[in-house]
Amino acid sequence: MKRILVTGGAGFLGSHLCERLLKDNNEVLRLDNFYTGRKENIKHLMSSHNFELIRHDACFPLYVEVDQIYNLACPASPVHYQHDPVQTTKTSVHGAINMLGLAKRLKARILQASTSEVYGDPEIHPQPESYWGKVNPIGLRSCYDEGKRCAETLFFDYRRQYGLQIKVLRIFNTYGPRMHTNDGRVVSNFIVQAIRGQDLTIYGDGQQTRSFCYVDDLISAMIRMMESDPEVTGPINVGNPQETTMLTLANQIIKLTGSKSKVIFKPLPSDDPKQRQPDINMARAELGWEPTIPLETGLLKTIAYFNQT
Ligand SMILES: NC(=O)c1ccc[n+]([C@@H]2O[C@H](COP(=O)([O-])OP(=O)(O)OC[C@H]3O[C@@H](n4cnc5c(N)ncnc54)[C@H](O)[C@@H]3O)[C@@H](O)[C@H]2O)c1
């Protein structure tokens, strides 16, 4: 049995990760300051004697004994990370320093939940890991994008300087049950609007594309990455390479929910990427992983969740 620390464990991805790690018979310490995380996300796990909850801000050092660390603490949606941008950068950078320091002391493996946002508004599609990105360093999204880029730098410097066993995953859009209701992420936005019979808001002309990975696929990738050979450090892209335009997604959600909602258009916010698609060849080769859950299946499970809440 391994002792595993999950920072950001009460969030959307963190709660699914804790659930899977417990199912695999590990002892799980879940750290969260509840900035965007919710107790409801993990209340079904609280009765497990292998599950422990630590209310703590990752910006401050932590002393616990564990074998592995999954570093997920960070608000992930623009609404939340732009609410307190200084705190967002602090969480990414100080949080990474604190967790890397802990991993160094314990000689523990550590995985960073990085993001496709490190590519900024990319000039090439799909984005391979070798592409260094096109990021605005002073824009509204920079607190998140540059914070995550700096965290990656720290991970690789800790490896070069101290020989740490690091794992860096660049996560592309992921969706599923326990996403926040109103955090501006497109899948949850559209589903909630459709269920409430409100118009679905598209920013721009709806021709911008995104690719969406169902949460269960993503969690499998995270665990495979953590358990991979020590020389596999990443960064490795994980996501679903199948692209969908925002207009197609909106219409699909209206159909699947049986809603009478219409689609309305609003101006595109600044720095919004026109296209975002992962090149997952490295994940296929190094992790033997690729997503298996079709968009319609994942959307139906997510709609069922939002229908209950
Ligand atoms: N969901 C996605 O599509 C996606 C894509 C790319 C990267 N990621 C990364 O995955 C991680 C999890 O994302 P998510 O979608 O679950 O977001 P989320 O907002 O649901 O979860 C983030 C969690 O971190 C916690 N947190 C924030 N600041 C903290 C701090 N200072 N100390 C302790 N806890 C703190 C929050 O309370 C929350 O529980 C994030 O690091 C995010 O950048 C997610």
# chains A, B, ... in the order shown; residues from 1 in each chain; ligands from 1
>>> select_by_dssp(residues="range 89-217 of chain A", states="alpha helix (DSSP H)", output="ChimeraX atom specification")
/A:89-106,142-162,186-195,215-217
>>> write_last_selection(atoms="C-alpha atoms", output="PDB file, in the first residue's frame")
ATOM      1  CA  THR A  89       0.660  32.706  -9.560  1.00  0.00           C
ATOM      2  CA  LYS A  90       1.615  32.136  -5.922  1.00  0.00           C
ATOM      3  CA  THR A  91      -0.233  28.812  -5.871  1.00  0.00           C
ATOM      4  CA  SER A  92       1.494  27.647  -9.049  1.00  0.00           C
ATOM      5  CA  VAL A  93       4.969  28.814  -8.115  1.00  0.00           C
ATOM      6  CA  HIS A  94       5.155  28.680  -4.300  1.00  0.00           C
ATOM      7  CA  GLY A  95       2.968  25.559  -4.368  1.00  0.00           C
ATOM      8  CA  ALA A  96       5.398  23.862  -6.751  1.00  0.00           C
ATOM      9  CA  ILE A  97       8.408  24.915  -4.661  1.00  0.00           C
ATOM     10  CA  ASN A  98       6.794  23.573  -1.475  1.00  0.00           C
ATOM     11  CA  MET A  99       5.757  20.259  -3.003  1.00  0.00           C
ATOM     12  CA  LEU A 100       9.104  19.810  -4.755  1.00  0.00           C
ATOM     13  CA  GLY A 101      10.842  20.536  -1.443  1.00  0.00           C
ATOM     14  CA  LEU A 102       8.699  17.881   0.219  1.00  0.00           C
ATOM     15  CA  ALA A 103       9.431  15.386  -2.586  1.00  0.00           C
ATOM     16  CA  LYS A 104      13.151  16.132  -2.263  1.00  0.00           C
ATOM     17  CA  ARG A 105      13.150  15.494   1.490  1.00  0.00           C
ATOM     18  CA  LEU A 106      11.174  12.252   1.078  1.00  0.00           C
ATOM     19  CA  SER A 142      -0.796  35.210 -17.765  1.00  0.00           C
ATOM     20  CA  CYS A 143      -1.166  34.545 -14.016  1.00  0.00           C
ATOM     21  CA  TYR A 144      -2.185  30.995 -14.910  1.00  0.00           C
ATOM     22  CA  ASP A 145      -0.175  30.392 -18.106  1.00  0.00           C
ATOM     23  CA  GLU A 146       3.097  31.836 -16.820  1.00  0.00           C
ATOM     24  CA  GLY A 147       2.577  30.385 -13.340  1.00  0.00           C
ATOM     25  CA  LYS A 148       2.251  26.919 -14.867  1.00  0.00           C
ATOM     26  CA  ARG A 149       5.253  27.517 -17.145  1.00  0.00           C
ATOM     27  CA  CYS A 150       7.355  28.559 -14.153  1.00  0.00           C
ATOM     28  CA  ALA A 151       6.200  25.446 -12.269  1.00  0.00           C
ATOM     29  CA  GLU A 152       7.432  23.295 -15.172  1.00  0.00           C
ATOM     30  CA  THR A 153      10.786  25.113 -15.037  1.00  0.00           C
ATOM     31  CA  LEU A 154      11.038  24.370 -11.318  1.00  0.00           C
ATOM     32  CA  PHE A 155      10.229  20.694 -11.853  1.00  0.00           C
ATOM     33  CA  PHE A 156      12.987  20.279 -14.434  1.00  0.00           C
ATOM     34  CA  ASP A 157      15.497  22.293 -12.379  1.00  0.00           C
ATOM     35  CA  TYR A 158      14.781  20.151  -9.303  1.00  0.00           C
ATOM     36  CA  ARG A 159      15.453  17.101 -11.461  1.00  0.00           C
ATOM     37  CA  ARG A 160      18.693  18.484 -12.915  1.00  0.00           C
ATOM     38  CA  GLN A 161      19.920  19.882  -9.599  1.00  0.00           C
ATOM     39  CA  TYR A 162      18.716  17.251  -7.108  1.00  0.00           C
ATOM     40  CA  VAL A 186     -17.598  25.570 -22.026  1.00  0.00           C
ATOM     41  CA  VAL A 187     -18.927  22.049 -21.429  1.00  0.00           C
ATOM     42  CA  SER A 188     -20.381  22.800 -17.989  1.00  0.00           C
ATOM     43  CA  ASN A 189     -21.638  26.217 -19.177  1.00  0.00           C
ATOM     44  CA  PHE A 190     -23.490  24.761 -22.127  1.00  0.00           C
ATOM     45  CA  ILE A 191     -24.956  21.852 -20.142  1.00  0.00           C
ATOM     46  CA  VAL A 192     -26.192  24.080 -17.325  1.00  0.00           C
ATOM     47  CA  GLN A 193     -27.648  26.604 -19.773  1.00  0.00           C
ATOM     48  CA  ALA A 194     -29.361  23.831 -21.745  1.00  0.00           C
ATOM     49  CA  ILE A 195     -30.829  22.187 -18.614  1.00  0.00           C
ATOM     50  CA  VAL A 215     -12.265  12.664 -16.837  1.00  0.00           C
ATOM     51  CA  ASP A 216     -11.937   8.854 -16.457  1.00  0.00           C
ATOM     52  CA  ASP A 217      -9.534   8.729 -19.420  1.00  0.00           C
TER      53      ASP A 217
END
>>> closest_atom_pairs(of="chain A", to="ligand 1", cutoff="6 Å", atoms="only C-alpha atoms and all ligand atoms", output="Markdown table")
| residue | atom | partner | partner_atom_place_in_ligand_line | distance |
| --- | --- | --- | --- | --- |
| A:Gly8 | CA | ligand 1 | 24 (O) | 3.4 |
| A:Gly9 | CA | ligand 1 | 39 (O) | 5.6 |
| A:Ala10 | CA | ligand 1 | 39 (O) | 4.1 |
| A:Gly11 | CA | ligand 1 | 39 (O) | 3.3 |
| A:Phe12 | CA | ligand 1 | 16 (O) | 3.7 |
| A:Leu13 | CA | ligand 1 | 16 (O) | 3.7 |
| A:Gly14 | CA | ligand 1 | 16 (O) | 5.4 |
| A:Asp32 | CA | ligand 1 | 34 (N) | 3.8 |
| A:Asn33 | CA | ligand 1 | 33 (C) | 4.2 |
| A:Phe34 | CA | ligand 1 | 37 (O) | 3.6 |
| A:Tyr35 | CA | ligand 1 | 37 (O) | 3.7 |
| A:Thr36 | CA | ligand 1 | 37 (O) | 3.9 |
| A:Gly37 | CA | ligand 1 | 39 (O) | 3.0 |
| A:His56 | CA | ligand 1 | 33 (C) | 5.8 |
| A:Asp57 | CA | ligand 1 | 32 (N) | 3.5 |
| A:Ala58 | CA | ligand 1 | 32 (N) | 3.8 |
| A:Cys59 | CA | ligand 1 | 31 (N) | 5.3 |
| A:Leu72 | CA | ligand 1 | 41 (O) | 4.0 |
| A:Ala73 | CA | ligand 1 | 24 (O) | 3.5 |
| A:Cys74 | CA | ligand 1 | 27 (C) | 3.9 |
| A:Pro75 | CA | ligand 1 | 19 (O) | 4.0 |
| A:Ala76 | CA | ligand 1 | 42 (C) | 4.4 |
| A:Thr91 | CA | ligand 1 | 31 (N) | 4.6 |
| A:Ala113 | CA | ligand 1 | 10 (O) | 4.9 |
| A:Ser114 | CA | ligand 1 | 7 (C) | 5.3 |
| A:Thr115 | CA | ligand 1 | 6 (C) | 4.0 |
| A:Ile171 | CA | ligand 1 | 6 (C) | 4.2 |
| A:Phe172 | CA | ligand 1 | 5 (C) | 4.9 |
| A:Asn173 | CA | ligand 1 | 3 (O) | 3.7 |
| A:Thr174 | CA | ligand 1 | 3 (O) | 3.7 |
>>> write_last_selection(atoms="C-alpha atoms", output="PDB file, in the first residue's frame")
ATOM      1  CA  GLY A   8      -6.141  20.135  -4.876  1.00  0.00           C
ATOM      2  CA  GLY A   9      -7.869  16.878  -3.971  1.00  0.00           C
ATOM      3  CA  ALA A  10     -11.319  18.429  -3.414  1.00  0.00           C
ATOM      4  CA  GLY A  11     -11.430  19.861  -6.927  1.00  0.00           C
ATOM      5  CA  PHE A  12     -12.889  18.387 -10.083  1.00  0.00           C
ATOM      6  CA  LEU A  13      -9.896  16.284 -11.209  1.00  0.00           C
ATOM      7  CA  GLY A  14      -8.501  15.797  -7.696  1.00  0.00           C
ATOM      8  CA  ASP A  32      -6.963  21.485  -0.217  1.00  0.00           C
ATOM      9  CA  ASN A  33      -7.681  25.046   0.903  1.00  0.00           C
ATOM     10  CA  PHE A  34     -11.195  24.899  -0.634  1.00  0.00           C
ATOM     11  CA  TYR A  35     -10.540  27.870  -2.894  1.00  0.00           C
ATOM     12  CA  THR A  36     -12.510  26.180  -5.669  1.00  0.00           C
ATOM     13  CA  GLY A  37     -12.757  22.682  -4.192  1.00  0.00           C
ATOM     14  CA  HIS A  56      -3.914  23.589   3.984  1.00  0.00           C
ATOM     15  CA  ASP A  57      -2.768  26.244   1.518  1.00  0.00           C
ATOM     16  CA  ALA A  58      -0.132  24.837  -0.838  1.00  0.00           C
ATOM     17  CA  CYS A  59       1.623  28.232  -0.743  1.00  0.00           C
ATOM     18  CA  LEU A  72      -3.035  19.549  -8.711  1.00  0.00           C
ATOM     19  CA  ALA A  73      -3.660  22.540  -6.442  1.00  0.00           C
ATOM     20  CA  CYS A  74      -4.508  25.540  -8.606  1.00  0.00           C
ATOM     21  CA  PRO A  75      -7.756  27.089  -9.780  1.00  0.00           C
ATOM     22  CA  ALA A  76      -8.153  25.920 -13.374  1.00  0.00           C
ATOM     23  CA  THR A  91      -0.233  28.812  -5.871  1.00  0.00           C
ATOM     24  CA  ALA A 113      -0.717  18.771 -13.411  1.00  0.00           C
ATOM     25  CA  SER A 114       0.466  21.213 -16.049  1.00  0.00           C
ATOM     26  CA  THR A 115      -1.703  22.502 -18.824  1.00  0.00           C
ATOM     27  CA  ILE A 171      -3.511  18.394 -19.552  1.00  0.00           C
ATOM     28  CA  PHE A 172      -5.842  19.559 -22.307  1.00  0.00           C
ATOM     29  CA  ASN A 173      -9.539  20.368 -21.723  1.00  0.00           C
ATOM     30  CA  THR A 174     -11.097  17.717 -19.534  1.00  0.00           C
TER      31      THR A 174
END
>>> select_by_dssp(residues="range 50-258 of chain A", states="strand (DSSP E or B)", output="MDAnalysis selection string")
chainID A and resid 51:55 68:71 109:115 120 127 134 166:171 174:175 200:203 209:211 213:214 236:238 243:245
>>> closest_residue(among="A:Asn136, A:Thr181, A:Ser220, A:Asn71", to="Ile293 in chain A", atoms="only C-alpha atoms")
A:Ser220
>>> residues_around(residues="Ala283 in chain A", least_positions_apart="2", cutoff="9 Å", atoms="only C-alpha atoms", output="PyMOL selection string")
chain A and resi 221+225+236-238+279-281+285-290
>>> residues_around(residues="Met246 in chain A", least_positions_apart="2", cutoff="6 Å", atoms="only C-alpha atoms", output="MDAnalysis selection string")
chainID A and resid 206 248:249
>>> write_last_selection(atoms="C-alpha atoms", output="PDB file, in the first residue's frame")
ATOM      1  CA  GLY A 206     -18.369  29.436 -32.812  1.00  0.00           C
ATOM      2  CA  THR A 248     -21.184  21.804 -33.010  1.00  0.00           C
ATOM      3  CA  LEU A 249     -20.746  21.202 -29.280  1.00  0.00           C
TER       4      LEU A 249
END
>>> closest_residue(among="A:Pro291, A:Gly204, A:Gly234, A:Gly197", to="Ser261 in chain A", atoms="only C-alpha atoms")
A:Gly197
>>> residues_around(residues="Phe265 in chain A", least_positions_apart="3", cutoff="6 Å", atoms="only C-alpha atoms", output="PyMOL selection string")
chain A and resi 201-203
>>> atom_distance(atom1="CA of Gly120 in chain A", atom2="CA of Leu140 in chain A")
12.0 Å
>>> closest_residue(among="A:Asp84, A:Glu27, A:Asp205, A:Asp183", to="Ser48 in chain A", atoms="only C-alpha atoms")
A:Glu27
>>> residues_around(residues="Leu29 in chain A", least_positions_apart="3", cutoff="10 Å", atoms="only C-alpha atoms", output="number ranges by chain")
A: 3-7, 9, 18, 26, 32, 50-54, 64-66, 69
>>> atom_distance(atom1="CA of Gly258 in chain A", atom2="CA of Cys213 in chain A")
22.8 Å
>>> residues_around(residues="Val135 in chain A", least_positions_apart="2", cutoff="10 Å", atoms="only C-alpha atoms", output="count of residues only")
17
>>> atom_distance(atom1="CA of Gln127 in chain A", atom2="CA of Pro267 in chain A")
25.7 Å
>>> decode(residues="range 276-308 of chain A", atoms="N, CA, C and O atoms", output="PDB file, in the first residue's frame")
ATOM      1  N   ARG A 276      -7.206  24.513 -30.326  1.00  0.00           N
ATOM      2  CA  ARG A 276      -6.396  23.876 -29.290  1.00  0.00           C
ATOM      3  C   ARG A 276      -6.583  22.380 -29.475  1.00  0.00           C
ATOM      4  O   ARG A 276      -7.696  21.882 -29.389  1.00  0.00           O
ATOM      5  N   GLN A 277      -5.504  21.698 -29.807  1.00  0.00           N
ATOM      6  CA  GLN A 277      -5.621  20.256 -30.052  1.00  0.00           C
ATOM      7  C   GLN A 277      -4.313  19.586 -29.652  1.00  0.00           C
ATOM      8  O   GLN A 277      -3.249  20.018 -30.082  1.00  0.00           O
ATOM      9  N   PRO A 278      -4.373  18.542 -28.828  1.00  0.00           N
ATOM     10  CA  PRO A 278      -3.120  17.899 -28.413  1.00  0.00           C
ATOM     11  C   PRO A 278      -2.581  16.952 -29.477  1.00  0.00           C
ATOM     12  O   PRO A 278      -3.360  16.275 -30.154  1.00  0.00           O
ATOM     13  N   ASP A 279      -1.275  16.908 -29.576  1.00  0.00           N
ATOM     14  CA  ASP A 279      -0.611  15.820 -30.293  1.00  0.00           C
ATOM     15  C   ASP A 279      -0.290  14.810 -29.192  1.00  0.00           C
ATOM     16  O   ASP A 279       0.498  15.105 -28.280  1.00  0.00           O
ATOM     17  N   ILE A 280      -0.919  13.627 -29.228  1.00  0.00           N
ATOM     18  CA  ILE A 280      -0.738  12.676 -28.111  1.00  0.00           C
ATOM     19  C   ILE A 280       0.139  11.480 -28.498  1.00  0.00           C
ATOM     20  O   ILE A 280       0.090  10.442 -27.837  1.00  0.00           O
ATOM     21  N   ASN A 281       0.954  11.665 -29.540  1.00  0.00           N
ATOM     22  CA  ASN A 281       1.816  10.545 -29.954  1.00  0.00           C
ATOM     23  C   ASN A 281       2.772  10.118 -28.840  1.00  0.00           C
ATOM     24  O   ASN A 281       3.049   8.937 -28.668  1.00  0.00           O
ATOM     25  N   MET A 282       3.260  11.102 -28.074  1.00  0.00           N
ATOM     26  CA  MET A 282       4.190  10.745 -26.999  1.00  0.00           C
ATOM     27  C   MET A 282       3.469   9.949 -25.894  1.00  0.00           C
ATOM     28  O   MET A 282       4.014   8.987 -25.345  1.00  0.00           O
ATOM     29  N   ALA A 283       2.243  10.344 -25.582  1.00  0.00           N
ATOM     30  CA  ALA A 283       1.463   9.601 -24.568  1.00  0.00           C
ATOM     31  C   ALA A 283       1.217   8.169 -25.042  1.00  0.00           C
ATOM     32  O   ALA A 283       1.291   7.221 -24.261  1.00  0.00           O
ATOM     33  N   ARG A 284       0.948   8.030 -26.349  1.00  0.00           N
ATOM     34  CA  ARG A 284       0.728   6.674 -26.887  1.00  0.00           C
ATOM     35  C   ARG A 284       2.002   5.849 -26.755  1.00  0.00           C
ATOM     36  O   ARG A 284       1.967   4.696 -26.311  1.00  0.00           O
ATOM     37  N   ALA A 285       3.146   6.456 -27.123  1.00  0.00           N
ATOM     38  CA  ALA A 285       4.408   5.705 -27.156  1.00  0.00           C
ATOM     39  C   ALA A 285       4.941   5.426 -25.742  1.00  0.00           C
ATOM     40  O   ALA A 285       5.362   4.310 -25.441  1.00  0.00           O
ATOM     41  N   GLU A 286       4.904   6.435 -24.859  1.00  0.00           N
ATOM     42  CA  GLU A 286       5.581   6.288 -23.563  1.00  0.00           C
ATOM     43  C   GLU A 286       4.662   5.746 -22.470  1.00  0.00           C
ATOM     44  O   GLU A 286       5.129   5.150 -21.511  1.00  0.00           O
ATOM     45  N   LEU A 287       3.369   5.989 -22.609  1.00  0.00           N
ATOM     46  CA  LEU A 287       2.439   5.525 -21.564  1.00  0.00           C
ATOM     47  C   LEU A 287       1.506   4.428 -22.067  1.00  0.00           C
ATOM     48  O   LEU A 287       0.752   3.853 -21.267  1.00  0.00           O
ATOM     49  N   GLY A 288       1.515   4.168 -23.367  1.00  0.00           N
ATOM     50  CA  GLY A 288       0.564   3.211 -23.942  1.00  0.00           C
ATOM     51  C   GLY A 288      -0.864   3.657 -23.694  1.00  0.00           C
ATOM     52  O   GLY A 288      -1.769   2.866 -23.479  1.00  0.00           O
ATOM     53  N   TRP A 289      -1.060   4.979 -23.718  1.00  0.00           N
ATOM     54  CA  TRP A 289      -2.376   5.549 -23.364  1.00  0.00           C
ATOM     55  C   TRP A 289      -2.994   6.310 -24.523  1.00  0.00           C
ATOM     56  O   TRP A 289      -2.281   6.993 -25.273  1.00  0.00           O
ATOM     57  N   GLU A 290      -4.281   6.163 -24.665  1.00  0.00           N
ATOM     58  CA  GLU A 290      -5.043   7.111 -25.479  1.00  0.00           C
ATOM     59  C   GLU A 290      -6.486   7.105 -24.990  1.00  0.00           C
ATOM     60  O   GLU A 290      -6.934   6.130 -24.375  1.00  0.00           O
ATOM     61  N   PRO A 291      -7.213   8.187 -25.214  1.00  0.00           N
ATOM     62  CA  PRO A 291      -8.583   8.234 -24.694  1.00  0.00           C
ATOM     63  C   PRO A 291      -9.479   7.217 -25.380  1.00  0.00           C
ATOM     64  O   PRO A 291      -9.297   6.928 -26.563  1.00  0.00           O
ATOM     65  N   THR A 292     -10.425   6.670 -24.615  1.00  0.00           N
ATOM     66  CA  THR A 292     -11.299   5.625 -25.162  1.00  0.00           C
ATOM     67  C   THR A 292     -12.777   6.020 -25.104  1.00  0.00           C
ATOM     68  O   THR A 292     -13.611   5.357 -25.695  1.00  0.00           O
ATOM     69  N   ILE A 293     -13.084   7.069 -24.345  1.00  0.00           N
ATOM     70  CA  ILE A 293     -14.508   7.369 -24.117  1.00  0.00           C
ATOM     71  C   ILE A 293     -14.992   8.417 -25.136  1.00  0.00           C
ATOM     72  O   ILE A 293     -14.485   9.542 -25.167  1.00  0.00           O
ATOM     73  N   PRO A 294     -15.961   8.038 -25.987  1.00  0.00           N
ATOM     74  CA  PRO A 294     -16.442   8.988 -27.005  1.00  0.00           C
ATOM     75  C   PRO A 294     -17.129  10.203 -26.373  1.00  0.00           C
ATOM     76  O   PRO A 294     -17.688  10.105 -25.269  1.00  0.00           O
ATOM     77  N   LEU A 295     -17.098  11.321 -27.099  1.00  0.00           N
ATOM     78  CA  LEU A 295     -17.663  12.571 -26.581  1.00  0.00           C
ATOM     79  C   LEU A 295     -19.128  12.391 -26.156  1.00  0.00           C
ATOM     80  O   LEU A 295     -19.516  12.834 -25.073  1.00  0.00           O
ATOM     81  N   GLU A 296     -19.904  11.711 -26.974  1.00  0.00           N
ATOM     82  CA  GLU A 296     -21.337  11.590 -26.640  1.00  0.00           C
ATOM     83  C   GLU A 296     -21.538  10.830 -25.314  1.00  0.00           C
ATOM     84  O   GLU A 296     -22.345  11.225 -24.471  1.00  0.00           O
ATOM     85  N   THR A 297     -20.747   9.753 -25.120  1.00  0.00           N
ATOM     86  CA  THR A 297     -20.864   8.966 -23.874  1.00  0.00           C
ATOM     87  C   THR A 297     -20.512   9.847 -22.669  1.00  0.00           C
ATOM     88  O   THR A 297     -21.223   9.857 -21.646  1.00  0.00           O
ATOM     89  N   GLY A 298     -19.414  10.578 -22.794  1.00  0.00           N
ATOM     90  CA  GLY A 298     -18.970  11.436 -21.692  1.00  0.00           C
ATOM     91  C   GLY A 298     -19.967  12.555 -21.428  1.00  0.00           C
ATOM     92  O   GLY A 298     -20.251  12.890 -20.266  1.00  0.00           O
ATOM     93  N   LEU A 299     -20.517  13.118 -22.491  1.00  0.00           N
ATOM     94  CA  LEU A 299     -21.493  14.202 -22.313  1.00  0.00           C
ATOM     95  C   LEU A 299     -22.736  13.680 -21.597  1.00  0.00           C
ATOM     96  O   LEU A 299     -23.266  14.352 -20.700  1.00  0.00           O
ATOM     97  N   LEU A 300     -23.175  12.469 -21.955  1.00  0.00           N
ATOM     98  CA  LEU A 300     -24.380  11.927 -21.307  1.00  0.00           C
ATOM     99  C   LEU A 300     -24.147  11.727 -19.803  1.00  0.00           C
ATOM    100  O   LEU A 300     -25.020  12.027 -18.987  1.00  0.00           O
ATOM    101  N   LYS A 301     -22.945  11.245 -19.432  1.00  0.00           N
ATOM    102  CA  LYS A 301     -22.647  11.058 -17.993  1.00  0.00           C
ATOM    103  C   LYS A 301     -22.597  12.417 -17.286  1.00  0.00           C
ATOM    104  O   LYS A 301     -23.027  12.548 -16.139  1.00  0.00           O
ATOM    105  N   THR A 302     -22.059  13.403 -17.960  1.00  0.00           N
ATOM    106  CA  THR A 302     -21.935  14.734 -17.353  1.00  0.00           C
ATOM    107  C   THR A 302     -23.312  15.383 -17.227  1.00  0.00           C
ATOM    108  O   THR A 302     -23.626  16.012 -16.208  1.00  0.00           O
ATOM    109  N   ILE A 303     -24.132  15.208 -18.236  1.00  0.00           N
ATOM    110  CA  ILE A 303     -25.501  15.748 -18.182  1.00  0.00           C
ATOM    111  C   ILE A 303     -26.263  15.090 -17.028  1.00  0.00           C
ATOM    112  O   ILE A 303     -26.968  15.765 -16.268  1.00  0.00           O
ATOM    113  N   ALA A 304     -26.086  13.764 -16.862  1.00  0.00           N
ATOM    114  CA  ALA A 304     -26.775  13.062 -15.761  1.00  0.00           C
ATOM    115  C   ALA A 304     -26.362  13.668 -14.420  1.00  0.00           C
ATOM    116  O   ALA A 304     -27.197  13.883 -13.533  1.00  0.00           O
ATOM    117  N   TYR A 305     -25.064  13.991 -14.268  1.00  0.00           N
ATOM    118  CA  TYR A 305     -24.586  14.604 -13.016  1.00  0.00           C
ATOM    119  C   TYR A 305     -25.243  15.965 -12.803  1.00  0.00           C
ATOM    120  O   TYR A 305     -25.765  16.252 -11.720  1.00  0.00           O
ATOM    121  N   PHE A 306     -25.239  16.808 -13.826  1.00  0.00           N
ATOM    122  CA  PHE A 306     -25.794  18.157 -13.654  1.00  0.00           C
ATOM    123  C   PHE A 306     -27.317  18.115 -13.470  1.00  0.00           C
ATOM    124  O   PHE A 306     -27.877  19.007 -12.840  1.00  0.00           O
ATOM    125  N   ASN A 307     -27.954  17.083 -13.991  1.00  0.00           N
ATOM    126  CA  ASN A 307     -29.394  16.953 -13.780  1.00  0.00           C
ATOM    127  C   ASN A 307     -29.728  16.682 -12.314  1.00  0.00           C
ATOM    128  O   ASN A 307     -30.784  17.039 -11.831  1.00  0.00           O
ATOM    129  N   GLN A 308     -28.767  16.014 -11.601  1.00  0.00           N
ATOM    130  CA  GLN A 308     -29.009  15.664 -10.183  1.00  0.00           C
ATOM    131  C   GLN A 308     -28.687  16.819  -9.249  1.00  0.00           C
ATOM    132  O   GLN A 308     -29.081  16.826  -8.103  1.00  0.00           O
TER     133      GLN A 308
END
